[in-house]
Every structure is written in C-alpha cells, then in structure tokens.
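K.L.:
Next comes the structure file coords14.txt, holding compact mmCIF, N, CA and C atoms.
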# COMPACT_ATOMS: atom_id res chain seq x y z
N VAL A 815 -8.21 3.43 -13.94
CA VAL A 815 -7.57 4.16 -12.85
C VAL A 815 -6.06 3.96 -12.95
N GLN A 816 -5.34 5.04 -13.09
CA GLN A 816 -3.88 4.95 -13.21
C GLN A 816 -3.24 5.27 -11.86
N LEU A 817 -2.42 4.34 -11.40
CA LEU A 817 -1.70 4.51 -10.15
C LEU A 817 -0.21 4.57 -10.49
N VAL A 818 0.48 5.58 -9.98
CA VAL A 818 1.90 5.75 -10.31
C VAL A 818 2.70 5.84 -9.02
N GLU A 819 3.58 4.85 -8.82
CA GLU A 819 4.39 4.81 -7.61
C GLU A 819 5.73 5.50 -7.82
N ALA A 820 6.29 5.91 -6.69
CA ALA A 820 7.65 6.47 -6.68
C ALA A 820 8.23 6.25 -5.29
N GLY A 821 9.55 6.31 -5.21
CA GLY A 821 10.19 6.31 -3.90
C GLY A 821 10.93 5.06 -3.50
N GLY A 822 10.94 4.04 -4.32
CA GLY A 822 11.70 2.85 -3.97
C GLY A 822 13.18 3.13 -4.03
N GLY A 823 13.98 2.15 -3.64
CA GLY A 823 15.42 2.31 -3.68
C GLY A 823 16.12 1.33 -2.78
N SER A 824 17.39 1.61 -2.50
CA SER A 824 18.20 0.73 -1.67
C SER A 824 18.56 1.44 -0.37
N VAL A 825 18.57 0.69 0.71
CA VAL A 825 18.87 1.25 2.01
C VAL A 825 19.46 0.15 2.88
N GLN A 826 20.24 0.55 3.87
CA GLN A 826 20.77 -0.44 4.81
C GLN A 826 19.72 -0.76 5.86
N ALA A 827 19.86 -1.91 6.45
CA ALA A 827 18.95 -2.32 7.52
C ALA A 827 18.92 -1.25 8.61
N GLY A 828 17.71 -0.96 9.08
CA GLY A 828 17.51 0.08 10.07
C GLY A 828 17.17 1.43 9.47
N GLY A 829 17.33 1.54 8.17
CA GLY A 829 17.05 2.79 7.49
C GLY A 829 15.57 2.96 7.17
N SER A 830 15.28 4.05 6.45
CA SER A 830 13.90 4.41 6.13
C SER A 830 13.76 4.73 4.64
N LEU A 831 12.58 4.48 4.14
CA LEU A 831 12.18 4.89 2.80
C LEU A 831 10.73 5.32 2.85
N ARG A 832 10.37 6.18 1.92
CA ARG A 832 8.98 6.61 1.82
C ARG A 832 8.51 6.38 0.40
N LEU A 833 7.45 5.60 0.25
CA LEU A 833 6.85 5.33 -1.05
C LEU A 833 5.65 6.24 -1.24
N SER A 834 5.42 6.63 -2.48
CA SER A 834 4.24 7.42 -2.78
C SER A 834 3.51 6.84 -3.97
N CYS A 835 2.20 7.07 -4.00
CA CYS A 835 1.35 6.57 -5.08
C CYS A 835 0.41 7.69 -5.48
N ALA A 836 0.55 8.16 -6.70
CA ALA A 836 -0.33 9.20 -7.22
C ALA A 836 -1.52 8.56 -7.92
N ALA A 837 -2.71 9.10 -7.67
CA ALA A 837 -3.92 8.54 -8.25
C ALA A 837 -4.91 9.67 -8.52
N PRO A 838 -5.91 9.41 -9.36
CA PRO A 838 -6.94 10.43 -9.59
C PRO A 838 -7.67 10.76 -8.31
N GLY A 839 -8.15 11.98 -8.21
CA GLY A 839 -8.79 12.44 -6.99
C GLY A 839 -9.98 11.62 -6.55
N TYR A 840 -10.74 11.06 -7.50
CA TYR A 840 -11.95 10.33 -7.12
C TYR A 840 -11.64 9.02 -6.40
N VAL A 841 -10.40 8.57 -6.48
CA VAL A 841 -10.02 7.34 -5.77
C VAL A 841 -9.89 7.61 -4.27
N PHE A 842 -9.67 8.87 -3.91
CA PHE A 842 -9.51 9.23 -2.51
C PHE A 842 -10.85 9.56 -1.89
N THR A 843 -11.79 8.66 -2.07
CA THR A 843 -13.10 8.78 -1.45
C THR A 843 -13.37 7.49 -0.69
N ASN A 844 -14.46 7.49 0.08
CA ASN A 844 -14.73 6.30 0.89
C ASN A 844 -15.26 5.13 0.07
N LYS A 845 -15.38 5.32 -1.26
CA LYS A 845 -15.81 4.24 -2.13
C LYS A 845 -14.65 3.34 -2.55
N TYR A 846 -13.46 3.73 -2.20
CA TYR A 846 -12.28 2.96 -2.60
C TYR A 846 -11.46 2.57 -1.38
N CYS A 847 -10.95 1.34 -1.42
CA CYS A 847 -9.87 0.94 -0.52
C CYS A 847 -8.58 1.16 -1.30
N MET A 848 -7.58 1.68 -0.63
CA MET A 848 -6.27 1.85 -1.26
C MET A 848 -5.22 1.27 -0.34
N GLY A 849 -4.17 0.75 -0.94
CA GLY A 849 -3.14 0.20 -0.08
C GLY A 849 -1.91 -0.23 -0.82
N TRP A 850 -1.05 -0.92 -0.09
CA TRP A 850 0.23 -1.40 -0.60
C TRP A 850 0.33 -2.91 -0.41
N PHE A 851 0.82 -3.55 -1.45
CA PHE A 851 1.15 -4.97 -1.41
C PHE A 851 2.62 -5.11 -1.78
N ARG A 852 3.18 -6.26 -1.47
CA ARG A 852 4.57 -6.49 -1.86
C ARG A 852 4.76 -7.96 -2.23
N GLN A 853 5.77 -8.19 -3.06
CA GLN A 853 6.13 -9.55 -3.44
C GLN A 853 7.64 -9.67 -3.40
N GLY A 854 8.12 -10.47 -2.48
CA GLY A 854 9.55 -10.71 -2.36
C GLY A 854 10.00 -11.85 -3.24
N PRO A 855 11.31 -12.03 -3.38
CA PRO A 855 11.84 -13.10 -4.23
C PRO A 855 11.35 -14.47 -3.77
N GLY A 856 10.72 -15.20 -4.67
CA GLY A 856 10.25 -16.53 -4.35
C GLY A 856 9.07 -16.58 -3.41
N LYS A 857 8.44 -15.44 -3.18
CA LYS A 857 7.31 -15.39 -2.25
C LYS A 857 6.04 -14.99 -2.97
N GLU A 858 4.92 -15.29 -2.32
CA GLU A 858 3.65 -14.84 -2.86
C GLU A 858 3.43 -13.36 -2.50
N ARG A 859 2.56 -12.72 -3.27
CA ARG A 859 2.23 -11.34 -2.98
C ARG A 859 1.49 -11.28 -1.64
N GLU A 860 1.86 -10.30 -0.83
CA GLU A 860 1.21 -10.16 0.46
C GLU A 860 0.75 -8.71 0.69
N ARG A 861 -0.30 -8.61 1.45
CA ARG A 861 -0.83 -7.30 1.83
C ARG A 861 0.09 -6.69 2.87
N VAL A 862 0.41 -5.40 2.69
CA VAL A 862 1.29 -4.70 3.63
C VAL A 862 0.48 -3.74 4.50
N ALA A 863 -0.26 -2.85 3.85
CA ALA A 863 -1.03 -1.85 4.59
C ALA A 863 -2.17 -1.35 3.72
N ILE A 864 -3.33 -1.17 4.35
CA ILE A 864 -4.52 -0.72 3.64
C ILE A 864 -5.11 0.49 4.34
N PHE A 865 -5.64 1.43 3.54
CA PHE A 865 -6.30 2.62 4.05
C PHE A 865 -7.78 2.54 3.67
N GLY A 866 -8.65 2.62 4.67
CA GLY A 866 -10.07 2.43 4.44
C GLY A 866 -10.84 3.71 4.23
N GLY A 867 -12.13 3.54 3.89
CA GLY A 867 -12.98 4.67 3.58
C GLY A 867 -13.26 5.59 4.75
N ASP A 868 -13.18 5.07 5.96
CA ASP A 868 -13.38 5.90 7.14
C ASP A 868 -12.05 6.27 7.78
N GLU A 869 -11.01 6.23 6.96
CA GLU A 869 -9.64 6.55 7.37
C GLU A 869 -9.10 5.56 8.40
N SER A 870 -9.68 4.39 8.44
CA SER A 870 -9.10 3.32 9.24
C SER A 870 -7.92 2.72 8.48
N THR A 871 -7.08 2.01 9.21
CA THR A 871 -5.90 1.40 8.59
C THR A 871 -5.74 -0.03 9.07
N ASN A 872 -5.07 -0.82 8.26
CA ASN A 872 -4.78 -2.20 8.61
C ASN A 872 -3.37 -2.51 8.15
N TYR A 873 -2.61 -3.18 9.00
CA TYR A 873 -1.23 -3.51 8.68
C TYR A 873 -0.97 -5.00 8.84
N ALA A 874 -0.08 -5.50 8.02
CA ALA A 874 0.40 -6.87 8.21
C ALA A 874 1.18 -6.91 9.53
N ASP A 875 1.09 -8.03 10.21
CA ASP A 875 1.79 -8.15 11.50
C ASP A 875 3.29 -7.88 11.36
N SER A 876 3.84 -8.25 10.23
CA SER A 876 5.29 -8.12 10.03
C SER A 876 5.76 -6.68 9.93
N VAL A 877 4.83 -5.73 9.71
CA VAL A 877 5.25 -4.33 9.55
C VAL A 877 4.65 -3.41 10.61
N LYS A 878 3.80 -3.93 11.47
CA LYS A 878 3.18 -3.10 12.50
C LYS A 878 4.23 -2.43 13.36
N GLY A 879 4.03 -1.15 13.60
CA GLY A 879 4.97 -0.39 14.42
C GLY A 879 6.15 0.16 13.64
N ARG A 880 6.30 -0.29 12.39
CA ARG A 880 7.44 0.18 11.57
C ARG A 880 6.98 0.96 10.34
N PHE A 881 5.84 0.56 9.77
CA PHE A 881 5.33 1.21 8.57
C PHE A 881 4.09 2.03 8.92
N THR A 882 3.89 3.13 8.18
CA THR A 882 2.72 3.96 8.37
C THR A 882 2.15 4.34 7.01
N ILE A 883 0.86 4.05 6.83
CA ILE A 883 0.19 4.41 5.59
C ILE A 883 -0.62 5.69 5.82
N SER A 884 -0.65 6.55 4.80
CA SER A 884 -1.40 7.80 4.95
C SER A 884 -1.86 8.29 3.59
N GLN A 885 -2.89 9.13 3.63
CA GLN A 885 -3.41 9.75 2.42
C GLN A 885 -3.29 11.26 2.53
N ASP A 886 -3.02 11.92 1.43
CA ASP A 886 -3.06 13.37 1.35
C ASP A 886 -4.04 13.72 0.25
N LYS A 887 -5.25 14.12 0.64
CA LYS A 887 -6.28 14.39 -0.36
C LYS A 887 -6.03 15.71 -1.10
N ALA A 888 -5.19 16.56 -0.54
CA ALA A 888 -4.88 17.82 -1.22
C ALA A 888 -4.00 17.58 -2.44
N THR A 889 -3.15 16.56 -2.36
CA THR A 889 -2.24 16.27 -3.47
C THR A 889 -2.55 14.95 -4.17
N ASN A 890 -3.56 14.23 -3.66
CA ASN A 890 -3.95 12.93 -4.23
C ASN A 890 -2.79 11.94 -4.20
N ILE A 891 -2.18 11.84 -3.06
CA ILE A 891 -1.05 10.93 -2.87
C ILE A 891 -1.32 9.98 -1.71
N LEU A 892 -1.09 8.70 -1.96
CA LEU A 892 -1.09 7.69 -0.90
C LEU A 892 0.37 7.39 -0.59
N SER A 893 0.73 7.43 0.68
CA SER A 893 2.13 7.24 1.06
C SER A 893 2.30 6.04 1.98
N LEU A 894 3.50 5.50 1.95
CA LEU A 894 3.88 4.43 2.89
C LEU A 894 5.24 4.80 3.45
N GLN A 895 5.26 5.21 4.70
CA GLN A 895 6.50 5.51 5.39
C GLN A 895 7.02 4.22 6.00
N MET A 896 8.24 3.85 5.64
CA MET A 896 8.81 2.59 6.10
C MET A 896 10.05 2.89 6.92
N ASP A 897 9.99 2.59 8.19
CA ASP A 897 11.09 2.81 9.11
C ASP A 897 11.61 1.48 9.64
N SER A 898 12.81 1.52 10.19
CA SER A 898 13.43 0.31 10.76
C SER A 898 13.37 -0.84 9.78
N LEU A 899 13.75 -0.57 8.56
CA LEU A 899 13.67 -1.60 7.51
C LEU A 899 14.59 -2.77 7.79
N LYS A 900 14.13 -3.94 7.38
CA LYS A 900 14.85 -5.19 7.59
C LYS A 900 15.10 -5.85 6.24
N PRO A 901 16.11 -6.72 6.14
CA PRO A 901 16.34 -7.42 4.88
C PRO A 901 15.11 -8.19 4.39
N GLU A 902 14.31 -8.67 5.30
CA GLU A 902 13.12 -9.41 4.89
C GLU A 902 12.04 -8.51 4.28
N ASP A 903 12.25 -7.20 4.31
CA ASP A 903 11.35 -6.28 3.63
C ASP A 903 11.67 -6.12 2.14
N ASN A 904 12.75 -6.74 1.71
CA ASN A 904 13.11 -6.72 0.28
C ASN A 904 11.95 -7.23 -0.55
N ALA A 905 11.49 -6.40 -1.51
CA ALA A 905 10.35 -6.80 -2.34
C ALA A 905 10.07 -5.73 -3.37
N ILE A 906 9.22 -6.10 -4.30
CA ILE A 906 8.61 -5.11 -5.17
C ILE A 906 7.31 -4.68 -4.51
N TYR A 907 7.18 -3.39 -4.27
CA TYR A 907 6.00 -2.84 -3.61
C TYR A 907 5.08 -2.22 -4.65
N SER A 908 3.80 -2.55 -4.54
CA SER A 908 2.82 -2.06 -5.51
C SER A 908 1.66 -1.39 -4.79
N CYS A 909 1.25 -0.27 -5.36
CA CYS A 909 0.06 0.42 -4.89
C CYS A 909 -1.16 -0.21 -5.56
N ALA A 910 -2.26 -0.31 -4.84
CA ALA A 910 -3.45 -0.92 -5.39
C ALA A 910 -4.70 -0.22 -4.88
N ALA A 911 -5.77 -0.33 -5.66
CA ALA A 911 -7.04 0.27 -5.27
C ALA A 911 -8.18 -0.68 -5.61
N ARG A 912 -9.21 -0.63 -4.79
CA ARG A 912 -10.38 -1.50 -5.00
C ARG A 912 -11.64 -0.66 -4.85
N ARG A 913 -12.51 -0.74 -5.86
CA ARG A 913 -13.76 -0.01 -5.82
C ARG A 913 -14.78 -0.82 -5.04
N VAL A 914 -15.43 -0.17 -4.10
CA VAL A 914 -16.48 -0.82 -3.32
C VAL A 914 -17.82 -0.53 -3.98
N LEU A 915 -18.60 -1.57 -4.27
CA LEU A 915 -19.84 -1.39 -5.01
C LEU A 915 -20.99 -0.92 -4.12
N VAL A 916 -20.99 -1.33 -2.87
CA VAL A 916 -22.06 -0.97 -1.94
C VAL A 916 -21.43 -0.38 -0.69
N GLY A 917 -21.93 0.76 -0.29
CA GLY A 917 -21.43 1.38 0.93
C GLY A 917 -20.03 1.95 0.73
N ARG A 918 -19.25 1.88 1.81
CA ARG A 918 -17.88 2.41 1.73
C ARG A 918 -16.88 1.34 2.10
N CYS A 919 -15.62 1.66 1.92
CA CYS A 919 -14.57 0.68 2.18
C CYS A 919 -14.39 0.49 3.68
N THR A 920 -14.78 -0.68 4.17
CA THR A 920 -14.59 -0.98 5.59
C THR A 920 -13.85 -2.30 5.81
N VAL A 921 -13.82 -3.15 4.80
CA VAL A 921 -13.12 -4.42 4.92
C VAL A 921 -11.72 -4.24 4.36
N LEU A 922 -10.74 -4.28 5.23
CA LEU A 922 -9.38 -3.93 4.83
C LEU A 922 -8.49 -5.15 4.66
N THR A 923 -9.06 -6.34 4.75
CA THR A 923 -8.25 -7.56 4.72
C THR A 923 -8.47 -8.39 3.47
N ARG A 924 -9.09 -7.80 2.47
CA ARG A 924 -9.28 -8.55 1.23
C ARG A 924 -7.94 -8.88 0.58
N PRO A 925 -7.87 -10.02 -0.11
CA PRO A 925 -6.61 -10.40 -0.75
C PRO A 925 -6.32 -9.57 -2.00
N ALA A 926 -5.14 -9.73 -2.52
CA ALA A 926 -4.70 -8.96 -3.67
C ALA A 926 -5.61 -9.17 -4.89
N ASP A 927 -6.13 -10.38 -5.05
CA ASP A 927 -6.97 -10.67 -6.21
C ASP A 927 -8.24 -9.83 -6.24
N ASP A 928 -8.64 -9.28 -5.12
CA ASP A 928 -9.85 -8.46 -5.07
C ASP A 928 -9.59 -7.01 -5.47
N TYR A 929 -8.35 -6.66 -5.68
CA TYR A 929 -8.01 -5.29 -6.05
C TYR A 929 -7.98 -5.15 -7.57
N ASN A 930 -8.66 -4.13 -8.07
CA ASN A 930 -8.87 -3.98 -9.50
C ASN A 930 -7.76 -3.19 -10.19
N TYR A 931 -7.16 -2.28 -9.45
CA TYR A 931 -6.24 -1.32 -10.08
C TYR A 931 -4.88 -1.41 -9.40
N TRP A 932 -3.82 -1.40 -10.24
CA TRP A 932 -2.47 -1.59 -9.75
C TRP A 932 -1.50 -0.62 -10.39
N GLY A 933 -0.52 -0.23 -9.60
CA GLY A 933 0.59 0.53 -10.15
C GLY A 933 1.62 -0.41 -10.74
N GLN A 934 2.71 0.16 -11.26
CA GLN A 934 3.72 -0.64 -11.95
C GLN A 934 4.67 -1.33 -10.99
N GLY A 935 4.69 -0.91 -9.73
CA GLY A 935 5.58 -1.52 -8.75
C GLY A 935 6.90 -0.77 -8.64
N THR A 936 7.45 -0.78 -7.45
CA THR A 936 8.74 -0.14 -7.21
C THR A 936 9.57 -1.03 -6.29
N GLN A 937 10.85 -1.17 -6.62
CA GLN A 937 11.72 -2.09 -5.89
C GLN A 937 12.25 -1.45 -4.61
N VAL A 938 12.18 -2.21 -3.53
CA VAL A 938 12.79 -1.81 -2.26
C VAL A 938 13.81 -2.88 -1.91
N THR A 939 15.05 -2.44 -1.73
CA THR A 939 16.14 -3.35 -1.40
C THR A 939 16.76 -2.92 -0.08
N VAL A 940 16.80 -3.85 0.87
CA VAL A 940 17.37 -3.58 2.18
C VAL A 940 18.55 -4.51 2.39
N SER A 941 19.72 -3.92 2.60
CA SER A 941 20.93 -4.73 2.79
C SER A 941 21.27 -4.82 4.28
N SER A 942 21.82 -5.96 4.64
CA SER A 942 22.15 -6.19 6.05
C SER A 942 23.54 -5.68 6.39
Spell out the structure here as structure tokens.
P.N.:
Amino acid sequence: VQLVEAGGGSVQAGGSLRLSCAAPGYVFTNKYCMGWFRQGPGKERERVAIFGGDESTNYADSVKGRFTISQDKATNILSLQMDSLKPEDNAIYSCAARRVLVGRCTVLTRPADDYNYWGQGTQVTVSS
C-alpha cells in the first residue's frame, strides 16, 4: 500500500495548514484504519488523529478542537486540517494505515507499531 503525503510547510503560530494523503481506493473501506502520526524533535512518535471504519474519529488531547481529520472517497484522499497551530506542533507528520483482519476498524487508539503502511512523512514547522 503506497501512501503519499503532501501539504507540509512553515507557518507562524496561529496559522493553518492542510495535509493530504493519497492512497489506493481499497484503503478507504471499513477494513482499514487510517490516520496521522507525528514525531517532534527529541520526542517519540505520537498518534494525532485516526479515522475509523464507521467514520468515527479519534484525536490526541493536544490537538482536539484544532485539528480535523477527514476522508474523501471520491478522490481517495485522507486530509488533516490543522488550525491554530502552535510551536509545539512542530514535527514530521506521517500518514498511516492499518488493515483489520476481522470485522471493521473500530479501535482507533492502537499505537504506531500496529500500523502496517506508512507514507514518507512531511515536515510541519510552526514559528512563534
């Protein structure tokens, strides 16, 4: 599964960026969890936002109310709208997907190690 991200860049605090992740159409089914992770300088990789098989979503506490994850099945794009960005959001953001073997994607809190497919990552830099 090839995941291709776009949309990173530099912005001042309070600004917005939108990340996108292109994937094959079959990934946009309820058999896959898709989402965004990030790794900041000197930090461990953390889950940012996940999109579930029943179109449920899960967000890290640090981004709730500021970030929005969405899918567009017509264009096979997973997006992350990031508003009110803060310097602590500085990180490499990666799109990821996980195949569910039984049933559909309902557990949205699995760690990064459980995700099988990854994009190349895109840098987000927020200056104060």
K.L.:
Can you tell me, as an mmCIF file with N, CA and C atoms, in the frame of the given file, what residues are no more than 9 Å from range 874-885 of chain A when counting only C-alpha atoms, ignoring any on the same chain fewer than 5 positions away?
P.N.:
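Once written, part.cif looks like this:
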data_model
loop_
_atom_site.group_PDB
_atom_site.id
_atom_site.type_symbol
_atom_site.label_atom_id
_atom_site.label_comp_id
_atom_site.auth_asym_id
_atom_site.auth_seq_id
_atom_site.Cartn_x
_atom_site.Cartn_y
_atom_site.Cartn_z
ATOM 1 N N PHE A 842 -9.670 8.870 -3.910
ATOM 2 C CA PHE A 842 -9.510 9.230 -2.510
ATOM 3 C C PHE A 842 -10.850 9.560 -1.890
ATOM 4 N N GLY A 849 -4.170 0.750 -0.940
ATOM 5 C CA GLY A 849 -3.140 0.200 -0.080
ATOM 6 C C GLY A 849 -1.910 -0.230 -0.820
ATOM 7 N N TRP A 850 -1.050 -0.920 -0.090
ATOM 8 C CA TRP A 850 0.230 -1.400 -0.600
ATOM 9 C C TRP A 850 0.330 -2.910 -0.410
ATOM 10 N N GLU A 860 1.860 -10.300 -0.830
ATOM 11 C CA GLU A 860 1.210 -10.160 0.460
ATOM 12 C C GLU A 860 0.750 -8.710 0.690
ATOM 13 N N ARG A 861 -0.300 -8.610 1.450
ATOM 14 C CA ARG A 861 -0.830 -7.300 1.830
ATOM 15 C C ARG A 861 0.090 -6.690 2.870
ATOM 16 N N VAL A 862 0.410 -5.400 2.690
ATOM 17 C CA VAL A 862 1.290 -4.700 3.630
ATOM 18 C C VAL A 862 0.480 -3.740 4.500
ATOM 19 N N ALA A 863 -0.260 -2.850 3.850
ATOM 20 C CA ALA A 863 -1.030 -1.850 4.590
ATOM 21 C C ALA A 863 -2.170 -1.350 3.720
ATOM 22 N N ILE A 864 -3.330 -1.170 4.350
ATOM 23 C CA ILE A 864 -4.520 -0.720 3.640
ATOM 24 C C ILE A 864 -5.110 0.490 4.340
ATOM 25 N N PHE A 865 -5.640 1.430 3.540
ATOM 26 C CA PHE A 865 -6.300 2.620 4.050
ATOM 27 C C PHE A 865 -7.780 2.540 3.670
ATOM 28 N N GLU A 869 -11.010 6.230 6.960
ATOM 29 C CA GLU A 869 -9.640 6.550 7.370
ATOM 30 C C GLU A 869 -9.100 5.560 8.400
ATOM 31 N N ASN A 890 -3.560 14.230 -3.660
ATOM 32 C CA ASN A 890 -3.950 12.930 -4.230
ATOM 33 C C ASN A 890 -2.790 11.940 -4.200
ATOM 34 N N ILE A 891 -2.180 11.840 -3.060
ATOM 35 C CA ILE A 891 -1.050 10.930 -2.870
ATOM 36 C C ILE A 891 -1.320 9.980 -1.710
ATOM 37 N N LEU A 892 -1.090 8.700 -1.960
ATOM 38 C CA LEU A 892 -1.090 7.690 -0.900
ATOM 39 C C LEU A 892 0.370 7.390 -0.590
ATOM 40 N N SER A 893 0.730 7.430 0.680
ATOM 41 C CA SER A 893 2.130 7.240 1.060
ATOM 42 C C SER A 893 2.300 6.040 1.980
ATOM 43 N N LEU A 894 3.500 5.500 1.950
ATOM 44 C CA LEU A 894 3.880 4.430 2.890
ATOM 45 C C LEU A 894 5.240 4.800 3.450
ATOM 46 N N GLN A 895 5.260 5.210 4.700
ATOM 47 C CA GLN A 895 6.500 5.510 5.390
ATOM 48 C C GLN A 895 7.020 4.220 6.000
ATOM 49 N N MET A 896 8.240 3.850 5.640
ATOM 50 C CA MET A 896 8.810 2.590 6.100
ATOM 51 C C MET A 896 10.050 2.890 6.920
ATOM 52 N N ASP A 897 9.990 2.590 8.190
ATOM 53 C CA ASP A 897 11.090 2.810 9.110
ATOM 54 C C ASP A 897 11.610 1.480 9.640
ATOM 55 N N SER A 898 12.810 1.520 10.190
ATOM 56 C CA SER A 898 13.430 0.310 10.760
ATOM 57 C C SER A 898 13.370 -0.840 9.780
ATOM 58 N N LEU A 899 13.750 -0.570 8.560
ATOM 59 C CA LEU A 899 13.670 -1.600 7.510
ATOM 60 C C LEU A 899 14.590 -2.770 7.790
ATOM 61 N N ASP A 903 12.250 -7.200 4.310
ATOM 62 C CA ASP A 903 11.350 -6.280 3.630
ATOM 63 C C ASP A 903 11.670 -6.120 2.140
#
K.L.:
Measuring between all atoms listed in the file, which one of A:Asn930, A:Thr923, A:Ser908, A:Gln816 shows the shortest distance to Phe851 in chain A?
P.N.:
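Of A:Asn930, A:Thr923, A:Ser908, A:Gln816, the one nearest Phe851 in chain A, counting all atoms listed in the file, is A:Ser908.
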K.L.:
Pick the closest to Lys845 in chain A from A:Gly866, A:Lys887, A:Arg859, A:Ser824: which is it, counting only N, CA and C atoms?
P.N.:
A:Gly866
K.L.:
Quick check, in Å to one decimal: how far apart do CA of Thr843 in chain A and CA of Arg912 in chain A lie?
P.N.:
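Rounded to one decimal, the two atoms are 11.2 Å apart.
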K.L.:
From a DSSP pass on the backbone, collect the residues of range 831-930 of chain A flagged as strand (DSSP E) and hand them back as a VMD selection string.
P.N.:
chain A and resid 831 to 836 846 to 853 860 to 865 871 to 873 881 to 886 891 to 896 905 to 913
K.L.:
Please, what distance in Å, to one decimal, runs between CA of Thr889 in chain A and atom N of Gln937 in chain A?
P.N.:
22.0 Å
K.L.:
Output requested as a JSON list (two decimals), keeping the file's coordinate frame - range 885-898 of chain A, filled out with N, CA, C and O atoms.
P.N.:
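out.json, freshly written:
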[["chain", "number", "residue", "atom", "x", "y", "z"],
["A", 885, "GLN", "N", -2.89, 9.13, 3.63],
["A", 885, "GLN", "CA", -3.41, 9.75, 2.42],
["A", 885, "GLN", "C", -3.29, 11.26, 2.53],
["A", 885, "GLN", "O", -3.51, 11.82, 3.61],
["A", 886, "ASP", "N", -3.02, 11.92, 1.43],
["A", 886, "ASP", "CA", -3.06, 13.37, 1.35],
["A", 886, "ASP", "C", -4.04, 13.72, 0.25],
["A", 886, "ASP", "O", -3.69, 13.64, -0.93],
["A", 887, "LYS", "N", -5.25, 14.12, 0.64],
["A", 887, "LYS", "CA", -6.28, 14.39, -0.36],
["A", 887, "LYS", "C", -6.03, 15.71, -1.10],
["A", 887, "LYS", "O", -6.61, 15.95, -2.15],
["A", 888, "ALA", "N", -5.19, 16.56, -0.54],
["A", 888, "ALA", "CA", -4.88, 17.82, -1.22],
["A", 888, "ALA", "C", -4.00, 17.58, -2.44],
["A", 888, "ALA", "O", -4.09, 18.31, -3.44],
["A", 889, "THR", "N", -3.15, 16.56, -2.36],
["A", 889, "THR", "CA", -2.24, 16.27, -3.47],
["A", 889, "THR", "C", -2.55, 14.95, -4.17],
["A", 889, "THR", "O", -1.89, 14.59, -5.13],
["A", 890, "ASN", "N", -3.56, 14.23, -3.66],
["A", 890, "ASN", "CA", -3.95, 12.93, -4.23],
["A", 890, "ASN", "C", -2.79, 11.94, -4.20],
["A", 890, "ASN", "O", -2.47, 11.30, -5.22],
["A", 891, "ILE", "N", -2.18, 11.84, -3.06],
["A", 891, "ILE", "CA", -1.05, 10.93, -2.87],
["A", 891, "ILE", "C", -1.32, 9.98, -1.71],
["A", 891, "ILE", "O", -1.74, 10.41, -0.63],
["A", 892, "LEU", "N", -1.09, 8.70, -1.96],
["A", 892, "LEU", "CA", -1.09, 7.69, -0.90],
["A", 892, "LEU", "C", 0.37, 7.39, -0.59],
["A", 892, "LEU", "O", 1.16, 7.15, -1.50],
["A", 893, "SER", "N", 0.73, 7.43, 0.68],
["A", 893, "SER", "CA", 2.13, 7.24, 1.06],
["A", 893, "SER", "C", 2.30, 6.04, 1.98],
["A", 893, "SER", "O", 1.37, 5.65, 2.68],
["A", 894, "LEU", "N", 3.50, 5.50, 1.95],
["A", 894, "LEU", "CA", 3.88, 4.43, 2.89],
["A", 894, "LEU", "C", 5.24, 4.80, 3.45],
["A", 894, "LEU", "O", 6.24, 4.75, 2.73],
["A", 895, "GLN", "N", 5.26, 5.21, 4.70],
["A", 895, "GLN", "CA", 6.50, 5.51, 5.39],
["A", 895, "GLN", "C", 7.02, 4.22, 6.00],
["A", 895, "GLN", "O", 6.33, 3.59, 6.79],
["A", 896, "MET", "N", 8.24, 3.85, 5.64],
["A", 896, "MET", "CA", 8.81, 2.59, 6.10],
["A", 896, "MET", "C", 10.05, 2.89, 6.92],
["A", 896, "MET", "O", 11.04, 3.42, 6.40],
["A", 897, "ASP", "N", 9.99, 2.59, 8.19],
["A", 897, "ASP", "CA", 11.09, 2.81, 9.11],
["A", 897, "ASP", "C", 11.61, 1.48, 9.64],
["A", 897, "ASP", "O", 10.93, 0.47, 9.54],
["A", 898, "SER", "N", 12.81, 1.52, 10.19],
["A", 898, "SER", "CA", 13.43, 0.31, 10.76],
["A", 898, "SER", "C", 13.37, -0.84, 9.78],
["A", 898, "SER", "O", 12.97, -1.97, 10.13]]
